[in-house]
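A.B. asks: Input work06.txt, format and content: compact mmCIF, C-alpha atoms.
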# COMPACT_ATOMS: atom_id res chain seq x y z
CA MET A 1 -3.04 244.51 -68.94
CA ARG A 2 -0.51 246.10 -71.23
CA ARG A 3 -1.38 246.72 -74.87
CA GLY A 4 0.79 245.87 -77.84
CA ALA A 5 1.13 243.34 -80.62
CA PRO A 6 -1.14 240.30 -80.37
CA GLN A 7 1.69 237.94 -79.61
CA ASP A 8 2.58 239.98 -76.50
CA GLN A 9 -0.84 239.73 -74.84
CA GLU A 10 -1.64 237.45 -71.93
CA LEU A 11 -4.89 235.57 -72.37
CA VAL A 12 -7.30 234.73 -69.60
CA GLY A 13 -9.18 231.51 -70.33
CA ALA A 14 -11.95 229.53 -68.68
CA GLY A 15 -9.64 226.67 -67.85
CA ALA A 16 -6.59 224.97 -69.29
CA PRO A 17 -7.70 222.45 -71.94
CA GLY A 18 -5.79 219.21 -72.20
CA ARG A 19 -2.96 218.86 -74.68
CA GLY A 20 -3.35 216.84 -77.84
CA SER A 21 -1.24 214.05 -79.24
CA ARG A 22 2.49 214.66 -79.30
CA GLY A 23 3.42 211.77 -81.58
CA ALA A 24 3.84 213.82 -84.77
CA PRO A 25 6.57 216.44 -85.31
CA PRO A 26 5.58 220.14 -85.29
CA PRO A 27 4.47 221.54 -88.66
CA SER A 28 7.04 223.37 -90.76
CA GLY A 29 6.18 226.68 -92.43
CA LEU A 30 2.80 228.38 -92.29
CA VAL A 31 -0.39 226.50 -91.44
CA PRO A 32 -3.77 227.49 -92.95
CA VAL A 33 -6.15 228.66 -90.21
CA LEU A 34 -9.52 227.06 -91.03
CA VAL A 35 -12.37 228.62 -89.03
CA PHE A 36 -16.13 228.55 -89.53
CA PRO A 37 -18.02 230.79 -89.83
CA PRO A 38 -15.66 233.30 -91.51
CA ASP A 39 -17.32 236.19 -89.64
CA LEU A 40 -19.58 236.57 -86.60
CA VAL A 41 -22.96 238.31 -86.47
CA PHE A 42 -24.61 238.68 -83.06
CA ARG A 43 -28.31 239.56 -82.67
CA ALA A 44 -29.31 241.74 -79.75
CA ASP A 45 -32.68 239.95 -79.50
CA GLN A 46 -31.37 236.38 -79.18
CA ARG A 47 -33.33 234.68 -76.38
CA SER A 48 -30.30 233.06 -74.79
CA GLY A 49 -28.21 236.21 -75.22
CA PRO A 50 -26.03 237.23 -78.18
CA ARG A 51 -23.60 234.36 -78.65
CA GLN A 52 -21.89 232.50 -81.49
CA LEU A 53 -20.04 229.23 -82.04
CA LEU A 54 -16.67 229.43 -83.81
CA THR A 55 -15.23 226.12 -85.07
CA LEU A 56 -11.45 225.82 -85.52
CA TYR A 57 -10.00 223.02 -87.70
CA ASN A 58 -6.49 221.57 -87.50
CA PRO A 59 -5.67 219.86 -90.85
CA THR A 60 -2.06 219.05 -89.85
CA GLY A 61 -0.63 215.89 -88.31
CA ALA A 62 0.52 217.60 -85.09
CA ALA A 63 -1.29 219.16 -82.13
CA LEU A 64 -1.35 222.97 -82.29
CA ARG A 65 -1.80 225.57 -79.59
CA PHE A 66 -4.43 228.25 -80.27
CA ARG A 67 -5.43 231.49 -78.61
CA VAL A 68 -8.09 234.11 -79.27
CA LEU A 69 -7.44 237.88 -79.25
CA CYS A 70 -9.96 240.69 -79.67
CA THR A 71 -9.98 244.43 -80.43
CA ALA A 72 -12.78 245.02 -77.86
CA PRO A 73 -12.29 242.52 -75.01
CA ALA A 74 -14.68 244.33 -72.64
CA LYS A 75 -17.63 243.53 -74.94
CA TYR A 76 -17.09 239.77 -75.20
CA THR A 77 -16.63 236.65 -73.11
CA VAL A 78 -14.76 233.75 -74.72
CA PHE A 79 -14.90 230.24 -73.29
CA ASP A 80 -11.66 228.31 -73.92
CA ALA A 81 -9.84 231.41 -75.20
CA GLU A 82 -6.67 229.34 -75.48
CA GLY A 83 -5.80 225.68 -75.59
CA TYR A 84 -4.79 222.88 -77.92
CA VAL A 85 -6.49 221.34 -80.95
CA LYS A 86 -5.61 217.73 -81.79
CA PRO A 87 -4.19 216.64 -85.17
CA GLN A 88 -6.78 216.50 -87.98
CA SER A 89 -9.51 217.47 -85.52
CA CYS A 90 -11.63 220.50 -84.71
CA ILE A 91 -12.67 222.37 -81.59
CA ASP A 92 -15.63 224.67 -80.85
CA ILE A 93 -15.02 228.09 -79.29
CA VAL A 94 -18.05 229.75 -77.67
CA ILE A 95 -18.14 233.57 -77.84
CA ARG A 96 -20.75 235.67 -76.03
CA HIS A 97 -21.46 239.38 -76.48
CA VAL A 98 -21.89 240.77 -72.95
CA ALA A 99 -22.79 244.39 -73.86
CA PRO A 100 -25.75 244.27 -76.32
CA ILE A 101 -26.69 247.95 -76.00
CA PRO A 102 -27.75 250.36 -78.79
CA SER A 103 -24.44 252.21 -78.74
CA HIS A 104 -22.72 248.98 -79.85
CA TYR A 105 -25.10 248.19 -82.76
CA ASP A 106 -23.36 247.86 -86.16
CA VAL A 107 -19.92 248.60 -84.66
CA GLN A 108 -17.41 246.22 -86.21
CA ASP A 109 -14.88 244.46 -83.97
CA ARG A 110 -12.32 241.83 -84.83
CA PHE A 111 -11.10 238.58 -83.33
CA ARG A 112 -7.71 237.11 -84.18
CA ILE A 113 -7.08 233.35 -84.04
CA GLU A 114 -3.41 232.44 -83.62
CA LEU A 115 -1.95 228.96 -84.04
CA SER A 116 1.46 228.06 -82.67
CA GLU A 117 3.57 225.00 -82.00
CA GLU A 118 3.20 223.17 -78.71
CA GLY A 119 4.98 224.68 -75.73
CA ALA A 120 4.94 228.05 -73.97
CA GLU A 121 7.46 229.52 -76.43
CA GLY A 122 6.15 227.81 -79.58
CA ARG A 123 6.43 229.94 -82.70
CA VAL A 124 3.28 231.23 -84.37
CA VAL A 125 2.59 229.17 -87.51
CA GLY A 126 -0.70 230.75 -88.58
CA ARG A 127 -3.20 233.51 -87.81
CA LYS A 128 -6.57 234.63 -89.11
CA ASP A 129 -8.83 237.63 -88.40
CA VAL A 130 -12.59 237.19 -87.96
CA THR A 131 -14.89 240.23 -88.03
CA SER A 132 -17.70 240.59 -85.50
CA VAL A 133 -20.74 242.87 -85.44
CA LEU A 134 -23.83 243.25 -83.23
CA ARG A 135 -27.12 243.77 -85.08
CA ALA A 136 -30.13 245.61 -83.68
CA PRO A 137 -33.28 243.63 -82.84
CA ALA A 138 -35.47 242.70 -85.78
CA TYR A 139 -38.44 244.39 -84.06
CA PRO A 140 -38.41 247.71 -82.19
CA LEU A 141 -37.65 247.56 -78.47
CA GLU A 142 -37.46 250.22 -75.82
CA LEU A 143 -34.48 252.52 -76.15
CA GLN A 144 -31.62 251.46 -73.94
CA GLY A 145 -29.27 254.41 -73.76
CA GLN A 146 -27.76 256.77 -76.27
CA PRO A 147 -28.05 256.61 -80.06
CA ASP A 148 -25.38 254.75 -81.98
CA PRO A 149 -22.09 256.65 -82.11
CA THR A 150 -19.85 256.82 -85.16
CA PRO A 151 -17.24 254.03 -85.00
CA HIS A 152 -13.86 255.29 -83.88
CA PRO A 153 -11.30 255.38 -86.71
CA GLY A 154 -7.73 254.28 -86.42
CA PRO A 155 -5.85 250.96 -86.20
CA PRO A 156 -7.28 248.30 -83.85
CA SER A 157 -5.62 247.59 -80.54
CA TRP A 158 -5.39 243.83 -80.13
CA THR A 159 -6.18 242.68 -76.60
CA PRO A 160 -7.60 239.39 -75.34
CA PRO A 161 -11.22 239.12 -74.18
CA PRO A 162 -11.78 238.15 -70.49
CA THR A 163 -12.93 234.52 -70.72
CA ALA A 164 -15.69 233.37 -72.66
CA ARG A 165 -22.11 230.59 -78.33
CA HIS A 166 -24.43 230.69 -82.45
CA PHE A 167 -25.02 230.80 -86.13
CA PRO A 168 -24.15 233.87 -88.17
CA GLU A 169 -26.38 235.97 -90.35
CA ASN A 170 -24.51 237.92 -93.00
CA ARG A 171 -25.80 239.96 -95.89
CA HIS A 172 -24.42 238.96 -99.30
CA PRO A 173 -25.46 239.97 -102.83
CA GLN A 174 -27.14 237.55 -105.17
CA LEU A 175 -24.70 235.17 -106.87
CA ALA A 176 -24.04 235.61 -110.57
CA THR A 177 -24.77 232.62 -112.79
CA SER A 178 -21.06 231.90 -113.38
CA SER A 179 -20.31 232.09 -109.63
CA PHE A 180 -23.27 229.83 -108.87
CA LEU A 181 -22.02 227.18 -111.31
CA LEU A 182 -18.50 227.39 -109.89
CA PHE A 183 -19.76 226.99 -106.31
CA LEU A 184 -22.03 224.13 -107.38
CA LEU A 185 -19.12 222.31 -109.06
CA THR A 186 -16.93 222.85 -105.98
CA GLY A 187 -19.69 221.46 -103.78
CA ILE A 188 -20.04 218.35 -105.95
CA VAL A 189 -16.28 217.74 -105.77
CA SER A 190 -16.36 218.18 -101.97
CA VAL A 191 -19.21 215.67 -101.63
CA ALA A 192 -17.29 213.23 -103.85
CA PHE A 193 -14.25 213.55 -101.56
CA LEU A 194 -16.41 212.79 -98.53
CA LEU A 195 -17.77 209.64 -100.21
CA LEU A 196 -14.33 208.26 -101.10
CA PRO A 197 -12.84 205.60 -98.74
CA LEU A 198 -10.00 206.40 -96.34
CA GLN A 199 -6.45 205.36 -97.16
CA ASP A 200 -6.35 202.63 -94.51
CA GLU A 201 -9.89 201.36 -95.16
CA LEU A 202 -10.04 197.68 -95.99
CA GLY A 203 -12.47 195.89 -98.28
CA SER A 204 -12.92 198.79 -100.72
CA GLN A 205 -13.20 197.86 -104.38
CA LEU A 206 -11.88 201.23 -105.55
CA PRO A 207 -8.22 201.53 -106.62
CA GLN A 208 -5.76 202.85 -104.01
CA ILE A 209 -5.33 206.13 -105.91
CA LEU A 210 -8.95 207.02 -105.08
CA HIS A 211 -8.42 206.57 -101.33
CA VAL A 212 -8.11 209.87 -99.41
CA SER A 213 -6.77 210.90 -96.01
CA LEU A 214 -8.78 212.10 -93.01
CA GLY A 215 -7.26 215.55 -93.39
CA GLN A 216 -8.52 215.83 -96.97
CA LYS A 217 -12.02 214.86 -95.81
CA LEU A 218 -11.91 217.53 -93.09
CA VAL A 219 -10.97 220.20 -95.63
CA ALA A 220 -13.74 219.00 -97.99
CA ALA A 221 -16.28 219.17 -95.15
CA TYR A 222 -15.09 222.67 -94.26
CA ILE A 223 -15.46 223.89 -97.88
CA LEU A 224 -18.90 222.24 -98.16
CA GLY A 225 -20.00 224.03 -94.99
CA LEU A 226 -18.89 227.40 -96.40
CA LEU A 227 -20.74 226.78 -99.65
CA THR A 228 -23.89 225.80 -97.75
CA MET A 229 -23.82 229.09 -95.83
CA VAL A 230 -23.35 231.04 -99.09
CA PHE A 231 -26.38 229.33 -100.68
CA LEU A 232 -28.52 229.89 -97.58
CA ARG A 233 -27.73 233.63 -97.45
CA THR A 234 -28.43 234.40 -101.12
Let me see the file written as structure tokens.
C.D. replies:
Amino acid sequence: MRRGAPQDQELVGAGAPGRGSRGAPPPSGLVPVLVFPPDLVFRADQRSGPRQLLTLYNPTGAALRFRVLCTAPAKYTVFDAEGYVKPQSCIDIVIRHVAPIPSHYDVQDRFRIELSEEGAEGRVVGRKDVTSVLRAPAYPLELQGQPDPTPHPGPPSWTPPPTARHFPENRHPQLATSSFLLFLLTGIVSVAFLLLPLQDELGSQLPQILHVSLGQKLVAAYILGLLTMVFLRT
């Protein structure tokens, strides 16, 4: 496989997912790439093997094509490395670390999520990088090879993983009081958005100005999920 810019790589997936709805026109301009979690942490001592679940949201009104690229494709397997995500919906991408050996502990890799319009030649409308790292077991195990090498410097070479599951563990400092209050206020606003009725919901006693769209609720749920992870890690 030749190396080059991410948009020039050919991805190998675990099947061709079905296309989404084509009723809406393609989005114009750049599209925000909403993924959760914002970074991946694999544990070498996970019982089912080091794997993580990456959720991709599509807040637009049109189906978008996505694909996953990686700086170290030999170390990962990605299930559904490319496909389509329906309008105002989300899709789960399962990523497995297939080389959990000591020489790969604490070495940072990167995944790139690209969104493009429908069609083989659809233009890229959004991209986002997600860092990935493999952590050593929490308890000592038998040595499995050489000691950890120093990570190689230099720019990453973006190549797709072969074909590829869970929750991240990241270290963050304690939140300052001002940051805590800001996050708490943002969380309250997000919960309020989720409790508001949809625009086409009938029988609501609230005025029409307080009705929200499904896309706004998806974004509020995404922000609330990020805030929950921040509170759990501090």
A.B. asks: Pro32 of chain A: which residues within 8 Å, counting all atoms listed in the file, same-chain residues fewer than 2 positions away excluded, as a ChimeraX atom specification?
C.D. replies: /A:30,34,126-127
A.B. asks: Residues within 12 Å of Leu184 of chain A, please, as a ChimeraX atom specification. Count all atoms listed in the file; anything in the same chain fewer than 2 positions from it doesn't count.
C.D. replies: /A:175,177-182,186-191,223-224,226-228,230-231
A.B. asks: Please, which residues are within 6 Å of (-6.2, 229.3, -82.8) by the file's coordinates, counting only C-alpha atoms, and could they come as an mmCIF file with C-alpha atoms, in the frame of the given file?
C.D. replies:
data_model
loop_
_atom_site.group_PDB
_atom_site.id
_atom_site.type_symbol
_atom_site.label_atom_id
_atom_site.label_comp_id
_atom_site.auth_asym_id
_atom_site.auth_seq_id
_atom_site.Cartn_x
_atom_site.Cartn_y
_atom_site.Cartn_z
ATOM 1 C CA PHE A 66 -4.430 228.250 -80.270
ATOM 2 C CA ARG A 67 -5.430 231.490 -78.610
ATOM 3 C CA ILE A 113 -7.080 233.350 -84.040
ATOM 4 C CA GLU A 114 -3.410 232.440 -83.620
ATOM 5 C CA LEU A 115 -1.950 228.960 -84.040
#
A.B. asks: Which one is closest to Ser116 of chain A: A:Leu218, A:Ala44, A:Cys90, A:Ala63? Count all atoms listed in the file.
C.D. replies: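 Selected residue with least distance to Ser116 of chain A: A:Ala63.
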A.B. asks: Could you please determine the separation between atom CA of His211 of chain A and atom CA of Ile91 of chain A in Å, to one decimal place?
C.D. replies: 25.6 Å
A.B. asks: Measure the distance from atom CA of Tyr222 of chain A to atom CA of Phe36 of chain A in Å and round it to one decimal.
C.D. replies: 7.6 Å
A.B. asks: Looking at A:Ser132, A:Ser48, A:Gln208, A:Ser213, which one is nearest to Pro73 of chain A, with distances taken over all atoms listed in the file?
C.D. replies: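 Between A:Ser132, A:Ser48, A:Gln208, A:Ser213, the residue approaching Pro73 of chain A most closely is A:Ser132.
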A.B. asks: Name the closest residue to Leu195 of chain A among the candidates A:Val212, A:Ala62, A:Leu53, A:Val85; distances are taken between atoms, counting all atoms listed in the file.
C.D. replies: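 Distance minimum relative to Leu195 of chain A lands on A:Val212.
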A.B. asks: Provide the atom CA of Pro87 of chain A to atom CA of Leu194 of chain A distance in Å, to one decimal place.
C.D. replies: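 About the pair atom CA of Pro87 of chain A and atom CA of Leu194 of chain A: they are 18.5 Å apart.
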A.B. asks: From the list A:Ala192, A:Leu64, A:Ala72, A:Val94, which residue is nearest Ala220 of chain A when using only C-alpha atoms?
C.D. replies: A:Ala192
A.B. asks: So, with only C-alpha atoms as the atoms that count, which of A:Gly225, A:Val78, A:Val133, A:Gln46 lies closest to Phe183 of chain A?
C.D. replies: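 When distances to Phe183 of chain A are compared using only C-alpha atoms, the smallest one comes from A:Gly225.
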A.B. asks: Restricting the calculation to only C-alpha atoms: of A:Thr71, A:Thr77, A:Gln52, A:Ser204, which residue gets closest to Leu134 of chain A?
C.D. replies: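 Using only C-alpha atoms, the shortest distance to Leu134 of chain A belongs to A:Gln52.
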A.B. asks: Any idea what's packed within 7 Å of His97 of chain A, counting only C-alpha atoms, ignoring anything in its chain fewer than 2 positions away? Could you give it as an mmCIF file with C-alpha atoms, in the frame of the given file?
C.D. replies:
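Now in part09.cif:
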data_model
loop_
_atom_site.group_PDB
_atom_site.id
_atom_site.type_symbol
_atom_site.label_atom_id
_atom_site.label_comp_id
_atom_site.auth_asym_id
_atom_site.auth_seq_id
_atom_site.Cartn_x
_atom_site.Cartn_y
_atom_site.Cartn_z
ATOM 1 C CA PRO A 50 -26.030 237.230 -78.180
ATOM 2 C CA ARG A 51 -23.600 234.360 -78.650
ATOM 3 C CA LYS A 75 -17.630 243.530 -74.940
ATOM 4 C CA TYR A 76 -17.090 239.770 -75.200
ATOM 5 C CA THR A 77 -16.630 236.650 -73.110
ATOM 6 C CA ILE A 95 -18.140 233.570 -77.840
ATOM 7 C CA ALA A 99 -22.790 244.390 -73.860
ATOM 8 C CA PRO A 100 -25.750 244.270 -76.320
#
